[in-house]
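Q: You'll find model.cif just under this line, and it carries mmCIF, C-alpha atoms.
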data_query
loop_
_atom_site.label_atom_id
_atom_site.label_comp_id
_atom_site.auth_asym_id
_atom_site.auth_seq_id
_atom_site.Cartn_x
_atom_site.Cartn_y
_atom_site.Cartn_z
CA MET A 9 0.00 0.00 0.00
CA GLY A 10 1.20 3.52 -0.78
CA ALA A 11 1.96 6.08 1.85
CA ALA A 12 -1.00 8.06 3.19
CA VAL A 13 -1.45 11.51 1.72
CA PRO A 14 -0.95 14.08 4.50
CA SER A 15 -4.00 16.16 5.26
CA ARG A 16 -3.89 19.88 4.62
CA PRO A 17 -3.88 22.30 7.54
CA ALA A 18 -7.47 23.16 8.49
CA TRP A 19 -7.09 26.82 7.48
CA GLN A 20 -5.81 26.33 3.92
CA VAL A 21 -9.02 25.36 2.13
CA PRO A 22 -11.19 28.11 3.73
CA VAL A 23 -8.57 30.77 2.97
CA VAL A 24 -8.27 29.68 -0.66
CA LEU A 25 -12.07 29.67 -0.98
CA LEU A 26 -12.30 33.16 0.52
CA VAL A 27 -9.66 34.53 -1.86
CA LEU A 28 -11.33 32.96 -4.89
CA LEU A 29 -14.76 34.25 -3.88
CA ALA A 30 -13.37 37.74 -3.25
CA ALA A 31 -11.96 37.81 -6.81
CA VAL A 32 -15.23 36.86 -8.54
CA PRO A 33 -16.66 40.39 -9.17
CA ALA A 34 -13.40 41.65 -10.70
CA VAL A 35 -13.05 38.57 -12.91
CA ALA A 36 -16.73 38.68 -13.90
CA ASN A 37 -16.50 42.37 -14.88
CA ALA A 38 -13.30 41.80 -16.85
CA ALA A 39 -14.90 38.90 -18.73
CA ASP A 40 -18.17 40.81 -19.23
CA MET A 41 -20.06 38.12 -17.26
CA GLY A 42 -22.04 40.24 -14.84
CA PHE A 43 -24.50 37.38 -14.21
CA ALA A 44 -21.69 35.45 -12.51
CA THR A 45 -21.65 37.92 -9.62
CA SER A 46 -25.38 37.42 -9.03
CA LEU A 47 -25.04 33.63 -9.28
CA VAL A 48 -22.17 33.45 -6.80
CA THR A 49 -24.02 35.82 -4.44
CA ARG A 50 -26.90 33.31 -4.40
CA ILE A 51 -24.44 30.46 -3.87
CA MET A 52 -22.86 32.19 -0.87
CA ILE A 53 -26.27 32.84 0.69
CA TYR A 54 -27.11 29.15 0.46
CA ALA A 55 -23.62 28.34 1.72
CA ILE A 56 -24.51 30.20 4.95
CA ALA A 57 -27.70 28.12 5.22
CA ALA A 58 -25.78 24.88 4.53
CA LEU A 59 -23.14 25.90 7.07
CA SER A 60 -25.84 26.37 9.70
CA LEU A 61 -27.30 22.94 8.93
CA ASP A 62 -23.86 21.34 9.12
CA LEU A 63 -23.58 22.58 12.72
CA ILE A 64 -26.45 20.33 13.79
CA LEU A 65 -26.29 17.61 11.13
CA GLY A 66 -22.56 17.11 10.70
CA TYR A 67 -21.50 17.72 14.30
CA GLY A 68 -24.65 16.87 16.22
CA ALA A 69 -26.23 14.15 14.02
CA MET A 70 -29.55 16.05 14.09
CA VAL A 71 -31.14 15.36 10.70
CA SER A 72 -33.53 18.29 10.30
CA PHE A 73 -35.91 18.11 7.34
CA GLY A 74 -37.39 21.50 8.19
CA HIS A 75 -34.26 23.64 8.17
CA ALA A 76 -35.46 25.71 5.20
CA ALA A 77 -38.23 27.06 7.44
CA PHE A 78 -35.65 29.18 9.25
CA VAL A 79 -34.43 30.57 5.92
CA GLY A 80 -37.99 31.39 4.92
CA ILE A 81 -38.81 33.03 8.25
CA GLY A 82 -35.75 35.26 7.94
CA ALA A 83 -36.77 36.18 4.40
CA TYR A 84 -40.37 36.90 5.34
CA ALA A 85 -39.30 39.04 8.30
CA VAL A 86 -37.45 41.35 5.91
CA GLY A 87 -40.17 41.17 3.24
CA ILE A 88 -43.04 41.93 5.63
CA ALA A 89 -41.03 44.77 7.19
CA SER A 90 -40.53 46.28 3.72
CA ALA A 91 -44.28 46.01 3.07
CA HIS A 92 -44.74 48.25 6.11
CA ASP A 93 -42.07 50.66 4.85
CA LEU A 94 -39.39 49.49 7.26
CA TRP A 95 -36.18 49.22 5.25
CA ASP A 96 -33.32 49.75 7.70
CA ALA A 97 -31.21 46.58 7.84
CA THR A 98 -29.96 47.52 11.30
CA LEU A 99 -33.51 46.78 12.44
CA THR A 100 -34.86 44.22 9.94
CA PHE A 101 -31.86 41.86 9.99
CA PRO A 102 -31.86 41.47 13.80
CA ILE A 103 -35.64 40.94 13.60
CA ALA A 104 -35.11 38.22 10.97
CA VAL A 105 -32.42 36.48 13.01
CA LEU A 106 -34.47 36.74 16.23
CA ALA A 107 -37.67 35.47 14.56
CA ALA A 108 -35.86 32.44 13.15
CA GLY A 109 -34.21 31.84 16.53
CA LEU A 110 -37.52 31.97 18.40
CA PHE A 111 -39.08 29.53 15.95
CA ALA A 112 -36.06 27.24 16.38
CA LEU A 113 -36.39 27.50 20.17
CA ALA A 114 -40.10 26.66 20.16
CA THR A 115 -39.87 23.81 17.65
CA GLY A 116 -36.52 22.51 18.88
CA ALA A 117 -37.79 22.26 22.46
CA ILE A 118 -40.35 19.75 21.18
CA SER A 119 -38.39 18.07 18.37
CA LEU A 120 -35.36 17.30 20.53
CA ARG A 121 -37.52 15.25 22.87
CA THR A 122 -37.41 12.67 20.07
CA ARG A 123 -34.58 10.97 18.19
CA GLY A 124 -33.92 9.16 14.95
CA VAL A 125 -36.69 8.97 12.36
CA TYR A 126 -39.12 10.62 14.79
CA PHE A 127 -36.93 13.71 14.92
CA ILE A 128 -36.77 13.78 11.12
CA MET A 129 -40.55 13.55 10.81
CA ILE A 130 -41.36 16.15 13.45
CA THR A 131 -38.93 18.70 11.95
CA LEU A 132 -40.53 18.00 8.57
CA ALA A 133 -43.95 18.63 10.10
CA PHE A 134 -42.87 21.95 11.65
CA GLY A 135 -41.26 22.99 8.37
CA GLN A 136 -44.46 22.26 6.44
CA MET A 137 -46.45 24.11 9.08
CA ALA A 138 -44.34 27.21 8.42
CA TYR A 139 -44.69 26.68 4.65
CA PHE A 140 -48.50 26.52 4.74
CA THR A 141 -48.66 29.45 7.16
CA ALA A 142 -46.69 31.58 4.69
CA SER A 143 -48.90 30.38 1.84
CA SER A 144 -51.98 31.54 3.76
CA LEU A 145 -50.72 35.10 4.25
CA SER A 146 -52.89 36.61 1.51
CA GLU A 147 -52.02 40.14 2.68
CA TYR A 148 -48.39 39.37 1.83
CA GLY A 149 -48.91 37.59 -1.48
CA GLY A 150 -49.93 34.13 -0.30
CA ASP A 151 -48.84 31.42 -2.75
CA ASP A 152 -47.66 34.06 -5.23
CA GLY A 153 -45.05 35.44 -2.86
CA LEU A 154 -44.20 38.98 -1.85
CA THR A 155 -42.30 41.42 -4.06
CA MET A 156 -39.90 43.85 -2.41
CA TRP A 157 -39.64 47.16 -4.23
CA GLY A 158 -35.97 47.60 -3.48
CA ARG A 159 -33.34 46.37 -1.05
CA SER A 160 -32.71 47.15 2.58
CA GLU A 161 -31.02 50.38 3.63
CA ILE A 162 -28.40 51.06 6.28
CA LEU A 163 -29.02 54.26 8.25
CA GLY A 164 -30.59 55.97 5.24
CA THR A 165 -27.95 54.85 2.72
CA THR A 166 -28.51 52.20 0.02
CA PRO A 167 -25.28 50.17 -0.32
CA PHE A 168 -27.25 46.99 -1.10
CA GLU A 169 -28.53 48.50 -4.33
CA ASP A 170 -25.09 48.11 -5.88
CA ASP A 171 -24.68 44.43 -6.80
CA THR A 172 -20.93 44.42 -6.17
CA ALA A 173 -21.29 46.07 -2.75
CA PHE A 174 -24.04 43.62 -1.83
CA TYR A 175 -21.81 40.75 -3.00
CA TYR A 176 -19.12 41.75 -0.51
CA VAL A 177 -21.71 42.18 2.26
CA VAL A 178 -22.79 38.57 1.65
CA LEU A 179 -19.15 37.44 1.49
CA GLY A 180 -18.48 39.19 4.81
CA CYS A 181 -21.51 37.47 6.38
CA LEU A 182 -20.30 34.09 5.08
CA ALA A 183 -16.81 34.65 6.45
CA GLY A 184 -18.21 35.81 9.80
CA CYS A 185 -20.56 32.83 10.07
CA PHE A 186 -17.75 30.45 9.16
CA LEU A 187 -15.41 31.86 11.81
CA PHE A 188 -18.17 31.80 14.41
CA ALA A 189 -19.09 28.21 13.56
CA ARG A 190 -15.46 27.13 13.62
CA ALA A 191 -14.94 28.72 17.04
CA MET A 192 -18.13 27.07 18.23
CA VAL A 193 -17.22 23.52 17.15
CA GLY A 194 -13.69 23.92 18.47
CA SER A 195 -14.88 25.03 21.89
CA ARG A 196 -15.91 22.96 24.89
CA PHE A 197 -19.50 23.39 23.74
CA GLY A 198 -18.70 21.90 20.34
CA ARG A 199 -16.90 18.96 21.90
CA VAL A 200 -19.95 18.22 24.04
CA ILE A 201 -22.20 18.28 20.94
CA ALA A 202 -19.80 15.90 19.17
CA GLY A 203 -19.73 13.72 22.28
CA VAL A 204 -23.53 13.51 22.35
CA ARG A 205 -23.43 12.41 18.73
CA GLU A 206 -21.11 9.53 19.65
CA SER A 207 -22.79 8.46 22.89
CA ARG A 208 -25.60 10.30 24.62
CA LEU A 209 -25.48 8.03 27.66
CA ARG A 210 -21.77 8.57 28.24
CA MET A 211 -22.19 12.35 28.14
CA GLN A 212 -25.02 12.11 30.65
CA ALA A 213 -22.84 9.88 32.83
CA VAL A 214 -20.11 12.53 33.05
CA GLY A 215 -22.59 15.22 34.06
CA PHE A 216 -23.69 16.97 30.85
CA ASN A 217 -27.27 17.65 29.81
CA PRO A 218 -27.43 16.62 26.12
CA TYR A 219 -30.89 18.14 25.59
CA ALA A 220 -29.80 21.64 26.68
CA TYR A 221 -26.66 21.59 24.54
CA GLN A 222 -28.50 20.30 21.50
CA LEU A 223 -31.24 22.91 21.91
CA VAL A 224 -28.70 25.74 22.01
CA ALA A 225 -26.99 24.38 18.88
CA TYR A 226 -30.37 24.07 17.16
CA VAL A 227 -31.28 27.67 17.98
CA VAL A 228 -27.88 29.00 16.83
CA ALA A 229 -28.25 27.09 13.55
CA GLY A 230 -31.76 28.52 13.11
CA MET A 231 -30.56 32.08 13.69
CA MET A 232 -27.75 31.64 11.18
CA ALA A 233 -30.24 30.31 8.62
CA GLY A 234 -32.46 33.31 9.37
CA LEU A 235 -29.58 35.59 8.39
CA ALA A 236 -29.29 33.66 5.11
CA GLY A 237 -33.01 34.25 4.57
CA ALA A 238 -32.69 38.00 5.14
CA LEU A 239 -29.89 38.13 2.58
CA LEU A 240 -31.86 35.95 0.14
CA ALA A 241 -34.85 38.29 0.32
CA ASN A 242 -32.62 41.22 -0.56
CA HIS A 243 -30.85 39.34 -3.32
CA ALA A 244 -34.03 38.25 -5.09
CA GLU A 245 -36.08 41.30 -3.98
CA PHE A 246 -38.80 38.70 -3.59
CA VAL A 247 -40.04 36.34 -0.87
CA SER A 248 -41.87 33.09 -1.54
CA PRO A 249 -43.31 30.24 0.55
CA SER A 250 -41.17 27.92 -1.60
CA TYR A 251 -38.17 29.06 0.45
CA MET A 252 -39.65 26.97 3.30
CA SER A 253 -40.60 23.84 1.36
CA TRP A 254 -39.36 20.40 2.34
CA GLN A 255 -37.68 20.17 -1.07
CA ARG A 256 -35.53 23.17 -0.16
CA SER A 257 -34.64 21.51 3.15
CA GLY A 258 -33.67 18.44 1.14
CA ASP A 259 -31.47 20.58 -1.08
CA LEU A 260 -29.64 21.88 2.00
CA ILE A 261 -29.09 18.33 3.27
CA ILE A 262 -27.71 17.33 -0.14
CA MET A 263 -25.31 20.30 -0.04
CA VAL A 264 -24.00 19.21 3.37
CA VAL A 265 -23.67 15.55 2.34
CA LEU A 266 -22.05 16.45 -0.97
CA GLY A 267 -19.55 18.75 0.70
CA GLY A 268 -18.95 16.45 3.64
CA MET A 269 -20.76 16.34 6.97
CA GLY A 270 -18.70 17.62 9.86
CA THR A 271 -16.45 19.78 7.67
CA LEU A 272 -17.44 23.42 7.76
CA HIS A 273 -15.65 24.27 4.54
CA GLY A 274 -17.36 21.17 3.10
CA ALA A 275 -20.75 22.82 3.57
CA VAL A 276 -19.53 25.79 1.52
CA LEU A 277 -18.04 23.50 -1.13
CA GLY A 278 -21.27 21.51 -1.24
CA ALA A 279 -23.34 24.65 -1.85
CA ILE A 280 -20.97 25.75 -4.61
CA ALA A 281 -20.97 22.31 -6.27
CA TYR A 282 -24.73 21.79 -6.00
CA LEU A 283 -25.83 25.20 -7.28
CA ALA A 284 -23.14 25.37 -9.97
CA LEU A 285 -24.18 21.94 -11.27
CA GLU A 286 -27.83 22.98 -11.10
CA GLU A 287 -27.06 26.05 -13.19
CA MET A 288 -25.09 24.10 -15.79
CA LEU A 289 -27.31 21.02 -16.04
CA SER A 290 -30.54 23.04 -16.13
CA HIS A 291 -29.31 24.52 -19.43
CA VAL A 292 -28.96 20.98 -20.78
CA THR A 293 -32.31 19.57 -19.68
CA GLU A 294 -35.20 20.49 -17.41
CA HIS A 295 -34.82 17.01 -15.88
CA TRP A 296 -31.36 17.85 -14.62
CA ARG A 297 -31.92 16.00 -11.33
CA VAL A 298 -31.91 12.71 -13.28
CA ILE A 299 -28.27 13.46 -14.13
CA PHE A 300 -27.40 14.94 -10.76
CA GLY A 301 -28.76 11.98 -8.76
CA PRO A 302 -26.27 9.39 -10.08
CA MET A 303 -23.45 11.94 -9.69
CA LEU A 304 -24.34 12.35 -6.00
CA ILE A 305 -24.41 8.57 -5.56
CA LEU A 306 -20.91 8.32 -7.06
CA VAL A 307 -19.64 10.96 -4.64
CA VAL A 308 -21.15 9.09 -1.69
CA LEU A 309 -19.67 5.77 -2.87
CA PHE A 310 -16.20 6.85 -3.97
CA ALA A 311 -15.51 10.09 -2.08
CA ARG A 312 -16.34 9.00 1.45
CA GLY A 313 -16.81 12.08 3.57
CA GLY A 314 -17.66 14.30 0.59
CA LEU A 315 -15.71 17.01 -1.16
CA GLY A 316 -14.57 18.64 2.08
CA ARG A 317 -12.68 15.57 3.27
CA LEU A 318 -11.49 14.80 -0.25
CA ILE A 319 -9.44 17.99 -0.48
CA GLY A 320 -8.71 18.75 3.18
CA ARG A 321 -9.29 17.54 6.67
CA SER A 322 -12.23 18.45 8.89
CA ASP A 323 -12.39 21.89 10.48
CA GLY A 324 -13.11 20.16 13.72
CA ASP A 325 -9.75 18.40 13.68
CA GLY A 326 -6.94 19.58 15.80
#
Represent the supplied structure as structure tokens.
A:
Amino acid sequence: MGAAVPSRPAWQVPVVLLVLLAAVPAVANAADMGFATSLVTRIMIYAIAALSLDLILGYGAMVSFGHAAFVGIGAYAVGIASAHDLWDATLTFPIAVLAAGLFALATGAISLRTRGVYFIMITLAFGQMAYFTASSLSEYGGDDGLTMWGRSEILGTTPFEDDTAFYYVVLGCLAGCFLFARAMVGSRFGRVIAGVRESRLRMQAVGFNPYAYQLVAYVVAGMMAGLAGALLANHAEFVSPSYMSWQRSGDLIIMVVLGGMGTLHGAVLGAIAYLALEEMLSHVTEHWRVIFGPMLILVVLFARGGLGRLIGRSDGDG
């Protein structure tokens, strides 16, 4: 057998990704491909959502099939605020994050009383509850969604209106969420969450309360997804109940699995790979998932641990 390939230092892949993402607007403008900036902005927003899911799925083994509900709640918080002529992001973004966090607290307090397939089903039920609630809001568009007539402001200025400026705002949010998540999983708190994933009974035996730790992680993940929703609403200038659908939650799970569960940079890579493939394959056929499905199976079979572990070690490693 050949010698094992040494793993890369945990910081290399994230730094390279950050540099490449920071260069996108300049490259896109030079190549006269302005659409690329908008596409990568959308990818980074979903990368934040995937990163938040990886916190509970990859590190805590909590398979949530309702995670998109937090994204949708964050988006609707900003959209509904704009409908009432409240545009200041210094107010609407904290409202979005808080609303998603409160929903995560209420639903997580119930969902985390269960485990396994029961947890999956109850998170799915709560996610669909949020979806149908949004669909019933006829004052805010109902099934047709809610159009925002502009983007959020910051203290009376409109930096989000410039696509390049908004791109770097999203990039800054992604970098901030990544650093926060990395500090979280590397802390004592993160080690407890990982310990609960391995053996709940052992963690209880040494004096930890798994339920409390998991609930905090669930709420933090929900708040992070709410931030992604607030950014998504501004990016699309539109809010739709489809943001909360179980299919969108499934997409987020696929991103995490594709990138590699338990590797924070893997969640970002998974979002990039999934949405880039979606963009390319959708130009080939409307049934692009028929092609994507076998590709995902090949990754699962031959790239154990996903793209994140294929090109670098886990962020949770020492």
Q: If you count all atoms listed in the file, which residues fall within 9 Å of range 24-31 of chain A, apart from same-chain ones fewer than 5 positions away, as a list in words?
A: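 Listed by chain and then number, they are Trp19, Ala36, Val48, Met52, Tyr175, Tyr176, Leu179, Ala183, His273, Val276 and Leu277 of chain A.
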Q: Using the chain letters and numbers from the file, which residues does the PyMOL selection byres ((chain A and resi 241-254) around 7) grab, as a PyMOL selection string?
A: chain A and resi 73-74+76-77+79-80+83-84+86-87+132+135-136+138-139+142-143+151-160+237-240+255-258
Q: Could those selected residues go to a file with C-alpha atoms, as a short mmCIF file (atom, residue, chain, number, x, y, z; two decimals), in the coordinates of the input?
A:
data_model
loop_
_atom_site.label_atom_id
_atom_site.label_comp_id
_atom_site.auth_asym_id
_atom_site.auth_seq_id
_atom_site.Cartn_x
_atom_site.Cartn_y
_atom_site.Cartn_z
CA PHE A 73 -35.91 18.11 7.34
CA GLY A 74 -37.39 21.50 8.19
CA ALA A 76 -35.46 25.71 5.20
CA ALA A 77 -38.23 27.06 7.44
CA VAL A 79 -34.43 30.57 5.92
CA GLY A 80 -37.99 31.39 4.92
CA ALA A 83 -36.77 36.18 4.40
CA TYR A 84 -40.37 36.90 5.34
CA VAL A 86 -37.45 41.35 5.91
CA GLY A 87 -40.17 41.17 3.24
CA LEU A 132 -40.53 18.00 8.57
CA GLY A 135 -41.26 22.99 8.37
CA GLN A 136 -44.46 22.26 6.44
CA ALA A 138 -44.34 27.21 8.42
CA TYR A 139 -44.69 26.68 4.65
CA ALA A 142 -46.69 31.58 4.69
CA SER A 143 -48.90 30.38 1.84
CA ASP A 151 -48.84 31.42 -2.75
CA ASP A 152 -47.66 34.06 -5.23
CA GLY A 153 -45.05 35.44 -2.86
CA LEU A 154 -44.20 38.98 -1.85
CA THR A 155 -42.30 41.42 -4.06
CA MET A 156 -39.90 43.85 -2.41
CA TRP A 157 -39.64 47.16 -4.23
CA GLY A 158 -35.97 47.60 -3.48
CA ARG A 159 -33.34 46.37 -1.05
CA SER A 160 -32.71 47.15 2.58
CA GLY A 237 -33.01 34.25 4.57
CA ALA A 238 -32.69 38.00 5.14
CA LEU A 239 -29.89 38.13 2.58
CA LEU A 240 -31.86 35.95 0.14
CA GLN A 255 -37.68 20.17 -1.07
CA ARG A 256 -35.53 23.17 -0.16
CA SER A 257 -34.64 21.51 3.15
CA GLY A 258 -33.67 18.44 1.14
#
Q: Could you pull the residues within 12 Å of Tyr282 in chain A, counting only C-alpha atoms, minus those fewer than 5 positions along the same chain, as a PyMOL selection string?
A: chain A and resi 48+50-52+54-55+58+258-267+274-277+287-290+296-297+300-301+303-304+315
Q: Find the nearest atom pair between each residue of range 55-137 of chain A and range 189-211 of chain A for residues within 6 Å, count all atoms listed in the file, give distances in Å to one decimal, sort rows by chain and ascending number, and present the table as CSV.
A:
residue,atom,partner,partner_atom,distance
A:Tyr67,CA,A:Ala202,CA,5.5
A:Gly68,CA,A:Arg205,CA,5.3
A:Ala69,CA,A:Arg205,CA,5.7
Q: Hey, can you check how far CA of Phe127 in chain A sits from CA of Asp62 in chain A?
A: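 CA of Asp62 in chain A lies 16.2 Å from CA of Phe127 in chain A.
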Q: I'd like the residues picked by the PyMOL selection byres ((chain A and resi 100) around 10) written out as a ChimeraX atom specification, using the chain letters and numbers from the file.
A: /A:82-83,85-90,94-99,101-106,160-161,238
Q: Go ahead and compute the interatomic distance for CA of Leu63 in chain A and CA of Val307 in chain A, in Å to one decimal.
A: 21.3 Å
Q: Give the answer as one residue: which of A:Ile81, A:Leu47, A:Val71, A:Ala112 has the shortest atom-to-atom distance to Val227 in chain A, using only C-alpha atoms?
A: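 Checking each of A:Ile81, A:Leu47, A:Val71, A:Ala112 against Val227 in chain A, counting only C-alpha atoms, the winner is A:Ala112.
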Q: A:Ala108, A:Ala91, A:His75, A:Val177: which is nearest Ile130 in chain A, counting only C-alpha atoms?
A: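 Counting only C-alpha atoms, the residue closest to Ile130 in chain A is A:His75.
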Q: Quick one: distance from CA of Gln222 in chain A to CA of Ser60 in chain A in Å, one decimal?
A: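 About the pair CA of Gln222 in chain A and CA of Ser60 in chain A: they are 13.5 Å apart.
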Q: Taking all atoms listed in the file into account, name the residue in A:Met269, A:Ala284, A:Val228, A:Leu235 that is nearest to Gly313 in chain A.
A: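 The answer is A:Met269, which sits nearest to Gly313 in chain A.
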Q: In terms of the shortest atom-to-atom distance over all atoms listed in the file, which of A:Ala34, A:Ala229, A:Val23, A:Met137 is closest to Ile64 in chain A?
A: A:Ala229
Q: I'd like to know which of A:His92, A:Val32, A:Ser46, A:Phe140 is closest to Asp170 in chain A, using only C-alpha atoms.
A: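 Smallest separation from Asp170 in chain A among the options: A:Ser46.
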Q: Can you rebuild range 188-196 of chain A with all heavy atoms and give it as a compact mmCIF listing (two decimals), in the coordinates of the input?
A:
# COMPACT_ATOMS: atom_id res chain seq x y z
N PHE A 188 -17.38 32.06 13.20
CA PHE A 188 -18.17 31.80 14.41
C PHE A 188 -18.42 30.31 14.58
O PHE A 188 -18.27 29.75 15.69
CB PHE A 188 -19.50 32.55 14.34
CG PHE A 188 -20.43 32.25 15.48
CD1 PHE A 188 -20.26 32.85 16.71
CD2 PHE A 188 -21.47 31.34 15.32
CE1 PHE A 188 -21.11 32.56 17.77
CE2 PHE A 188 -22.32 31.05 16.37
CZ PHE A 188 -22.14 31.66 17.60
N ALA A 189 -18.81 29.65 13.49
CA ALA A 189 -19.09 28.21 13.56
C ALA A 189 -17.83 27.43 13.90
O ALA A 189 -17.88 26.47 14.69
CB ALA A 189 -19.67 27.73 12.23
N ARG A 190 -16.71 27.85 13.34
CA ARG A 190 -15.46 27.13 13.62
C ARG A 190 -15.06 27.29 15.09
O ARG A 190 -14.62 26.34 15.73
CB ARG A 190 -14.36 27.67 12.71
CG ARG A 190 -13.05 26.90 12.88
CD ARG A 190 -12.11 27.20 11.76
NE ARG A 190 -10.86 26.47 11.94
CZ ARG A 190 -9.85 26.51 11.09
NH1 ARG A 190 -9.94 27.23 9.99
NH2 ARG A 190 -8.75 25.83 11.32
N ALA A 191 -15.24 28.51 15.62
CA ALA A 191 -14.94 28.72 17.04
C ALA A 191 -15.88 27.90 17.92
O ALA A 191 -15.49 27.35 18.95
CB ALA A 191 -15.05 30.21 17.38
N MET A 192 -17.12 27.79 17.46
CA MET A 192 -18.13 27.07 18.23
C MET A 192 -17.81 25.58 18.30
O MET A 192 -17.82 24.97 19.38
CB MET A 192 -19.51 27.30 17.60
CG MET A 192 -20.66 26.70 18.38
SD MET A 192 -22.23 27.18 17.62
CE MET A 192 -23.38 26.24 18.63
N VAL A 193 -17.48 24.97 17.16
CA VAL A 193 -17.22 23.52 17.15
C VAL A 193 -15.88 23.19 17.79
O VAL A 193 -15.67 22.06 18.25
CB VAL A 193 -17.29 22.94 15.72
CG1 VAL A 193 -18.65 23.17 15.09
CG2 VAL A 193 -16.19 23.50 14.83
N GLY A 194 -14.98 24.16 17.84
CA GLY A 194 -13.69 23.92 18.47
C GLY A 194 -13.67 24.17 19.96
O GLY A 194 -12.68 23.89 20.64
N SER A 195 -14.79 24.70 20.46
CA SER A 195 -14.88 25.03 21.89
C SER A 195 -15.33 23.82 22.70
O SER A 195 -15.64 22.76 22.17
CB SER A 195 -15.88 26.17 22.08
OG SER A 195 -17.19 25.73 21.77
N ARG A 196 -15.40 24.01 24.01
CA ARG A 196 -15.91 22.96 24.89
C ARG A 196 -17.35 22.60 24.52
O ARG A 196 -17.73 21.44 24.53
CB ARG A 196 -15.85 23.45 26.34
CG ARG A 196 -16.37 22.47 27.39
CD ARG A 196 -16.10 23.03 28.77
NE ARG A 196 -16.60 22.18 29.84
CZ ARG A 196 -17.81 22.30 30.39
NH1 ARG A 196 -18.63 23.26 29.96
NH2 ARG A 196 -18.18 21.49 31.37
